[in-house]
Every structure is written in C-alpha cells, then in structure tokens.
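Asker: Have a look at this one.
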Amino acid sequence: MRIKVAGTGLTKFGELWNKDLLDLALEASVEAINDSRLTIHQIDAVFVANMIYGKVSGQDHLGALIASTLGIKGASFRIEGACASGGLAVHLAIQSLLAGTYKNILVVGAEKMTDSSATEIATALMGAGSQDERRAGLTFPALYALMAKAHMQKFGTTRNHMASVAIKNHYHASLNEKAQYPFEISEEKVLESPVISSPFTLFDASPITDGAGAVVLSSDSTAPGVFITGSAVATDTVDLASRKSLLEIAATKEASQKALKQAAVEIKDINVAEVHDCFTIAEILAMEDLGFCPKGMGGEFVYKGHTRLGSKLPINTSGGLKACGHPVAATGVKQIIEIAHQLQKRAGKRQVDNANIGLTHNVGGSGATVVVHVLQI
Amino acid sequence: MSTPASIWRQHKKLSSYLNKIGRLLVWTKIHVAPSGFEHQTPYLVGIVQFANGEKKPLQIVDCVEENLKINQKVVTVIRKIGKAKSEDVIEYGLKVKPI
C-alpha cells in the first residue's frame with residue numbers, strides 16, 4: 001500500500017469562541033488543499049469525521065454541508081466511530097483510493113465542543129458506551145479509571161507513573177503553537193488537582209476542545225508528501241465489562257499487527273508515534289499493547305523518560321490528546337498530520353531526529369474501535 | 001436516552017438478574033457525573049462477575065468505600081436509576097450491595 005498524504009491543514013486547538021464547526025472545517029480544508037498544490041476541482045470526494053456535533057447542535061448532513069461550502073460537487077460522506085472517527089475516515093478514504101473509485105480525497109475531522117456544558121458533553125460522549133454503562137452512571141473518565149485500577153492491582157502501576165504521561169505530553173505541547181495547553185505542569189499539579197473518578201484527577205484527562213484537521217490523500221504516488229503504508233481497523237465489544245481482560249485493549253494489538261504487516265515493518269522500526277492518550281492510563285496501555293514495552297511495564301516505561309522528546313522513541317510529540325487537546329473526531333486526522341510533519345522534518349521545535357517511520361493509534365470508546373496507521377517517508 | 005417503551009422492555013428482563021451473587025473485580029468513585037446522576041455524586045460503580053462468568057458494570061450501594069475489598073461478595077438489588085423528571089417514567093434497574 002502506498003497512499004500519499006499530499007497536503008495537511010490544522011487549526012489551533014482550544015476554546016475557540018469566534019469559530020463554529022464550519023469555520024474550523026473550512027480553515028483546515030483550505031489549508032490542506034493549498035498544501036497539496038491541487039485545485040478544488042481535482043478533489044473527487046470529501047470524507048468528514050464527526051462524532052457529537054449533530055447531537056449538541058442539531059446540524060447533521062455534514063458531508064454535504066462541508067463539501068458544498070468548499071464548492072466540491074463530488075461524493076461526500078460523514079463517518080462516525082466515536083473518538084476513532086478521524087482514523088476511520090482516513091482508513092475508509094484509503095480503501096476508496098485503493099479501489100480506484102477516487103484519485104484525490106479530502107479527509108476532514110472537525111468538532112465543536114465548547115459551546116456545550118461539561119455535563120452535556122459527558123452525556124453525548126457516553127453515546128460511545130453501552131446501555132448498561134449508561135444505566136450504571138458511568139462516564140468515560142470512570143471507564144478508563146476502572147482499567148487504571150485493574151492495572152494498579154495487577155502490575156503495581158502507580159499514580160506517579162500515570163502523572164508522568166501528563167507531564168511529558170504537556171512538555172511536548174509547550175513546543176506546539178497549535179496546542180490547547182502549550183505549557184508545562186508539575187507532578188504535584190497532576191496529583192493534587194480535583195478527583196474526577198478515582199484514581200484519576202482532572203489532569204489525567206484530555207480536555208474538551210474545538211478544532212479541525214484535514215489531509216488530502218492521493219493515489220498518485222508522484223505527488224509530494226509522505227506515504228501511508230499500513231492502515232488497519234479492529235473491533236471489540238462496546239461494553240468494557242464484557243471484554244476478556246481489563247488489562248489491555250485487545251483491538252490495539254490486532255489493528256497494529258495488521259498495519260505493521262501491511263507496511264512490512266516491525267514495531268521496533270517505529271521512530272515516532274502519536275497514540276490515543278485520552279486518559280493517562282490509555283497511553284500506558286498503548287505502550288504495552290502496541291508492543292513498545294512488555295505487558296505491565298508501561299507505567300515504568302513512560303516514567304523513566306523513554307518516550308520523551310530527545311529519547312529513542314518520542315511519543316505524542318504534538319502534546320497528545322492530553323495537552324494538544326481532543327476535539328474527538330479531529331484527533332485521528334491530527335495524529336496523521338503530526339506524524340507526516342515529523343517525517344517531512346516540518347515539526348519545528350519538536351522535530352524528532354532521524355524520523356523515517358511513524359505510527360498513529362486512534363481509539364474509539366473504551367477500546368471497541370482501534371485504527372492504526374503506519375507512515376513512511 | 002430512555003423512553004417509556006425502552007424502560008418497559010428493560011424492566012421485563014430484571015427478574016432474571018434478581019438476588020444474584022457475584023464478586024466485585026474493580027471499582028471507581030465518580031465525582032463528575034453525566035446528566036441524571038449529578039444528585040448522587042460521589043457514587044461507586046464497579047465491574048461485577050457472576051457465577052456463570054458474565055461481567056456487568058453496576059453501581060454499588062449501601063456501603064462505604066473503605067470497607068470494600070477486591071473480590072468482595074455482592075448481591076444484586078433493584079434500585080431507581082438516575083433521576084427522572086417529574087413527567088417521566090421512573091426507571092428501575094440493577095445495582096449491587098456488599099454481603
């Protein structure tokens with residue numbers, strides 16, 4: 001598989017009072033199309049990733065809305081897979097390019113979350129959970145807190161281990177002008193912030209964010225840009241309790257193994273990765289389930305600094321979901337953009353030396369949908 | 001979102017889960033709740049495994065967290081779920097209490 005990421009566009013992430021969803025989607029899309037050096041008329045299809053905008057605003061039909069506003073009359077779609085919507089849209093666009101149906105596709109992930117109250121957003125996001133989980137009064141922080149408690153019980157993972165994920169990702173975000181929280185935080189700040197769902201405090205969680213990311217994907221291998229050489233999706237039960245184990249996200253293993261096989265590379269070949277750190281434990285689980293470290297050692301692996309910029313394997317150089325922000329359906333697209341920029345040496349102050357092979361890992365719900373991509377220069 | 005019809009369907013299944021004994025695998029105390037549960041904060045929710053191997057997420061009631069332990073024996077009880085608005089059907093469902 002050799003699909004080109006021919007152009008990228010990314011808005012600032014944050015609480016963007018003066019912009020609505022359409023403003024954000026158009027800003028990222030126009031930037032991506034200009035970056036690709038294609039004209040609007042060369043874009044055959046638009047794949048829009050969005051999870052909650054219809055619920056909180058009443059506006060659906062986003063594929064046609066965004067495509068027509070851009071002046072694109074080809075095919076348009078809206079794709080939803082909870083927080084993995086962005087990764088899923090990229091995956092589906094790749095399949096359409098491989099099938100030969102389209103030659104150049106604009107994929108745009110966009111979300112407008114800060115117009116709603118935290119309770120409204122928490123309720124909307126729980127649409128990605130099961131009916132039993134909603135009846136139990138669970139939230140996404142609580143679902144990941146249950147996984148964190150299980151990990152602590154089994155492997156002795158500590159609150160300091162988890163805090164080190166947030167500290168590292170805030171450091172990376174401090175080097176990223178697009179990040180929602182471009183500043184560093186201390187361990188004390190993480191541990192002493194208010195508890196949201198034990199053992200998590202506020203600083204274990206990714207924020208509520210507005211933002212959009214767009215990429216132009218092309219089957220023309222002579223186009224400028226990096227290649228996507230692996231793209232895979234795996235599925236598990238929506239209900240966390242129904243899974244075989246609380247200690248892993250099995251779909252991460254399955255999707256990553258498939259994507260790496262397609263790309264004909266091994267996990268040890270990866271130089272840089274963007275992983276789905278919606279909560280601090282999620283990055284620890286990702287380190288283990290992707291195979292960067294043995295099962296049970298993820299906390300220690302991050303705590304010892306093996307994934308900080310300057311180490312051998314920088315993880316979440318954008319600041320991750322934690323500190324760059326998490327406009328849910330934009331996240332999977334932003335991950336592709338960050339890795340593409342790293343491989344093209346366009347990452348500025350957070351540039352990873354000798355980055356030739358990168359990986360993105362996008363999770364929907366508590367692990368029911370996982371999308372993994374491998375990118376190469 | 002629960003409607004009167006969906007609540008009616010759910011209530012029909014409740015009896016098969018009544019008075020079941022299970023063990024508590026893991027739990028969390030929720031301080032920030034989704035809508036309809038704000039009045040209960042903080043409250044405990046855990047994953048309970050029953051004798052047939054089935055696992056379910058359930059609220060834990062009639063206890064203080066300090067007395068809970070891993071693999072705690074619990075029994076299912078019927079309780080009100082969330083807070084119904086004055087004109088809504090009151091939803092009942094399963095929770096567990098320690099034994």
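Each chain in the structure tokens gets a letter, A, B, ..., in the order shown, and its residues are numbered from 1; ligands are numbered from 1 in order too.
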Run DSSP on the backbone and tell me which residues of range 31-71 of chain B come out as strand (DSSP E); list them as a ChimeraX atom specification.
Answerer: /B:43-50,55-60
Asker: Please find the residues of chain B near chain A - the criterion being any atom within 12 Å, counting only C-alpha atoms - and write them as a ChimeraX atom specification.
Answerer: /B:1-2,6-7,10,24-50,53-61,65,69-71,79-83,91-96
Asker: Write a file of the selected residues as a short mmCIF file (atom, residue, chain, number, x, y, z; two decimals), in the first residue's frame, keeping C-alpha atoms.
Answerer:
```cif
data_model
loop_
_atom_site.label_atom_id
_atom_site.label_comp_id
_atom_site.auth_asym_id
_atom_site.auth_seq_id
_atom_site.Cartn_x
_atom_site.Cartn_y
_atom_site.Cartn_z
CA MET B 1 -31.95 8.24 26.06
CA SER B 2 -34.56 6.17 27.93
CA SER B 6 -37.36 1.18 26.30
CA ILE B 7 -37.75 1.31 30.09
CA GLN B 10 -35.67 -3.30 30.21
CA LEU B 24 -16.52 -7.18 42.71
CA LEU B 25 -13.46 -7.13 40.42
CA VAL B 26 -12.71 -3.40 40.42
CA TRP B 27 -14.47 -0.13 41.25
CA THR B 28 -14.18 3.66 40.96
CA LYS B 29 -15.76 6.56 42.84
CA ILE B 30 -17.33 9.00 40.39
CA HIS B 31 -17.22 12.70 41.33
CA VAL B 32 -18.27 14.20 37.96
CA ALA B 33 -21.48 12.58 36.74
CA PRO B 34 -23.41 12.51 33.46
CA SER B 35 -26.82 14.21 33.40
CA GLY B 36 -29.42 12.49 35.55
CA PHE B 37 -26.83 11.27 38.06
CA GLU B 38 -25.48 14.60 39.39
CA HIS B 39 -27.52 14.34 42.62
CA GLN B 40 -25.78 11.07 43.56
CA THR B 41 -22.14 12.24 43.47
CA PRO B 42 -19.86 10.90 44.65
CA TYR B 43 -21.03 7.36 43.91
CA LEU B 44 -19.38 3.98 43.41
CA VAL B 45 -19.51 1.92 40.20
CA GLY B 46 -17.73 -1.39 39.72
CA ILE B 47 -17.44 -4.40 37.45
CA VAL B 48 -19.11 -7.45 38.96
CA GLN B 49 -18.53 -11.03 37.81
CA PHE B 50 -21.34 -13.55 38.35
CA GLY B 53 -18.76 -15.81 34.19
CA GLU B 54 -20.87 -12.90 32.97
CA LYS B 55 -19.50 -9.46 33.89
CA LYS B 56 -21.59 -6.30 34.26
CA PRO B 57 -20.95 -2.67 35.19
CA LEU B 58 -23.12 -1.87 38.23
CA GLN B 59 -23.48 0.78 40.89
CA ILE B 60 -22.50 -0.30 44.40
CA VAL B 61 -24.91 0.83 47.14
CA GLU B 65 -15.77 2.58 50.06
CA LYS B 69 -12.20 -5.18 49.07
CA ILE B 70 -11.18 -6.80 45.79
CA ASN B 71 -13.33 -9.89 45.12
CA ARG B 79 -32.99 0.44 42.76
CA LYS B 80 -34.04 3.62 40.99
CA ILE B 81 -31.71 4.55 38.10
CA GLY B 82 -30.76 8.21 37.82
CA LYS B 83 -33.26 10.98 38.42
CA GLU B 91 -36.57 3.84 35.67
CA TYR B 92 -35.55 0.97 37.89
CA GLY B 93 -32.57 -1.27 37.39
CA LEU B 94 -29.90 -3.41 38.95
CA LYS B 95 -27.32 -2.33 41.47
CA VAL B 96 -25.29 -4.41 43.91
#
```
Asker: Do a neighbour search on range 28-31 of chain A at 10 Å with only C-alpha atoms, toss out local chain neighbours closer than 5 positions, and write the hits as a PyMOL selection string.
Answerer: chain A and resi 7-12+23+36+40+46+66-67+70+106-110+211-216
Asker: Store the residues picked out above, limited to N, CA and C atoms, as a short mmCIF file (atom, residue, chain, number, x, y, z; two decimals), in the first residue's frame.
Answerer:
```
data_model
loop_
_atom_site.label_atom_id
_atom_site.label_comp_id
_atom_site.auth_asym_id
_atom_site.auth_seq_id
_atom_site.Cartn_x
_atom_site.Cartn_y
_atom_site.Cartn_z
N GLY A 7 -1.30 16.68 1.30
CA GLY A 7 -1.44 18.01 1.90
C GLY A 7 -2.04 17.92 3.28
N THR A 8 -1.69 18.87 4.15
CA THR A 8 -2.22 18.86 5.52
C THR A 8 -2.70 20.26 5.93
N GLY A 9 -3.70 20.29 6.80
CA GLY A 9 -4.16 21.58 7.35
C GLY A 9 -4.69 21.36 8.75
N LEU A 10 -4.33 22.24 9.66
CA LEU A 10 -4.72 22.05 11.06
C LEU A 10 -5.04 23.41 11.69
N THR A 11 -6.17 23.50 12.36
CA THR A 11 -6.50 24.74 13.08
C THR A 11 -5.81 24.72 14.43
N LYS A 12 -5.81 25.85 15.09
CA LYS A 12 -5.47 25.90 16.51
C LYS A 12 -6.47 25.02 17.25
N ASP A 23 -16.56 26.94 10.21
CA ASP A 23 -15.35 27.77 10.12
C ASP A 23 -14.10 26.91 10.29
N SER A 36 -1.46 20.78 -0.77
CA SER A 36 -1.31 19.67 -1.72
C SER A 36 -0.98 20.16 -3.14
N ILE A 40 -9.31 22.77 -6.16
CA ILE A 40 -10.54 22.24 -5.58
C ILE A 40 -11.19 21.24 -6.55
N VAL A 46 -15.12 14.01 -0.45
CA VAL A 46 -14.85 14.58 0.87
C VAL A 46 -15.36 13.61 1.93
N ILE A 66 -20.13 20.49 4.31
CA ILE A 66 -18.73 20.95 4.19
C ILE A 66 -18.27 20.89 2.74
N ALA A 67 -18.59 19.80 2.03
CA ALA A 67 -18.16 19.68 0.62
C ALA A 67 -18.76 20.80 -0.22
N LEU A 70 -17.28 24.19 0.30
CA LEU A 70 -15.97 24.29 -0.35
C LEU A 70 -16.09 24.41 -1.87
N LEU A 106 -10.30 14.52 0.13
CA LEU A 106 -10.10 15.40 1.29
C LEU A 106 -10.75 14.71 2.50
N VAL A 107 -9.95 14.47 3.53
CA VAL A 107 -10.49 13.93 4.78
C VAL A 107 -10.41 15.04 5.81
N VAL A 108 -11.54 15.39 6.38
CA VAL A 108 -11.54 16.45 7.40
C VAL A 108 -12.24 15.95 8.66
N GLY A 109 -11.54 16.07 9.77
CA GLY A 109 -12.11 15.73 11.08
C GLY A 109 -12.33 17.03 11.83
N ALA A 110 -13.55 17.26 12.32
CA ALA A 110 -13.84 18.54 12.98
C ALA A 110 -14.81 18.32 14.13
N GLY A 211 -11.72 22.15 17.33
CA GLY A 211 -10.59 22.08 16.40
C GLY A 211 -10.90 21.22 15.20
N ALA A 212 -10.07 21.37 14.17
CA ALA A 212 -10.23 20.57 12.96
C ALA A 212 -8.88 20.28 12.34
N GLY A 213 -8.81 19.13 11.71
CA GLY A 213 -7.62 18.74 10.94
C GLY A 213 -8.08 18.20 9.61
N ALA A 214 -7.29 18.44 8.57
CA ALA A 214 -7.65 17.92 7.24
C ALA A 214 -6.41 17.42 6.53
N VAL A 215 -6.58 16.36 5.76
CA VAL A 215 -5.50 15.86 4.90
C VAL A 215 -6.06 15.60 3.52
N VAL A 216 -5.23 15.83 2.51
CA VAL A 216 -5.57 15.39 1.16
C VAL A 216 -4.80 14.11 0.92
#
```
Asker: Record the distance separating CA of Gly230 in chain A and CA of Phe77 in chain A, expressed in Å with one decimal.
Answerer: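 CA of Phe77 in chain A lies 22.5 Å from CA of Gly230 in chain A.
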Asker: Go through chain B and collect every residue that DSSP, computed from the backbone, puts in helix (DSSP H, G or I); the answer should be as JSON, numbers by chain.
Answerer: {"B": [4, 5, 6, 7, 8, 9, 10, 11, 12, 13, 14, 15, 16, 17, 38, 39, 40, 65, 66, 67]}
Asker: Hey, can you spit out that residue selection with C-alpha atoms as a CSV table (one decimal), in the first residue's frame?
Answerer:
```
chain,number,residue,atom,x,y,z
B,4,PRO,CA,-41.2,4.7,28.4
B,5,ALA,CA,-41.1,1.8,25.8
B,6,SER,CA,-37.4,1.2,26.3
B,7,ILE,CA,-37.7,1.3,30.1
B,8,TRP,CA,-40.7,-1.2,29.8
B,9,ARG,CA,-38.6,-3.6,27.7
B,10,GLN,CA,-35.7,-3.3,30.2
B,11,HIS,CA,-37.9,-3.8,33.3
B,12,LYS,CA,-39.2,-7.1,31.8
B,13,LYS,CA,-35.7,-8.6,32.0
B,14,LEU,CA,-34.9,-7.5,35.6
B,15,SER,CA,-36.3,-10.5,37.4
B,16,SER,CA,-33.8,-12.9,35.8
B,17,TYR,CA,-31.0,-11.0,37.5
B,38,GLU,CA,-25.5,14.6,39.4
B,39,HIS,CA,-27.5,14.3,42.6
B,40,GLN,CA,-25.8,11.1,43.6
B,65,GLU,CA,-15.8,2.6,50.1
B,66,GLU,CA,-13.3,1.9,52.9
B,67,ASN,CA,-15.0,-1.4,53.7
```
Asker: For Asp62 in chain B, which residue among B:Val74, B:Ile90, B:Ala84, B:Ile21 is the nearest when counting only C-alpha atoms?
Answerer: B:Val74
Asker: Report, in Å to a single decimal, how far apart CA of Asn104 in chain A and CA of Ile43 in chain A are.
Answerer: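 Value for the CA of Ile43 in chain A-CA of Asn104 in chain A distance: 5.1 Å.
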Asker: Mind giving me the straight-line distance from CA of Ile78 in chain B to CA of Val64 in chain B in Å, one decimal?
Answerer: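 Atom-to-atom, CA of Ile78 in chain B and CA of Val64 in chain B are spaced 18.8 Å apart.
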Asker: With a distance cut-off of 7 Å and only C-alpha atoms, select the neighbouring residues of Gly320 in chain A, excluding the residue or stretch itself and same-chain residues fewer than 6 positions from it, and output the selection as a count of residues only.
Answerer: 3
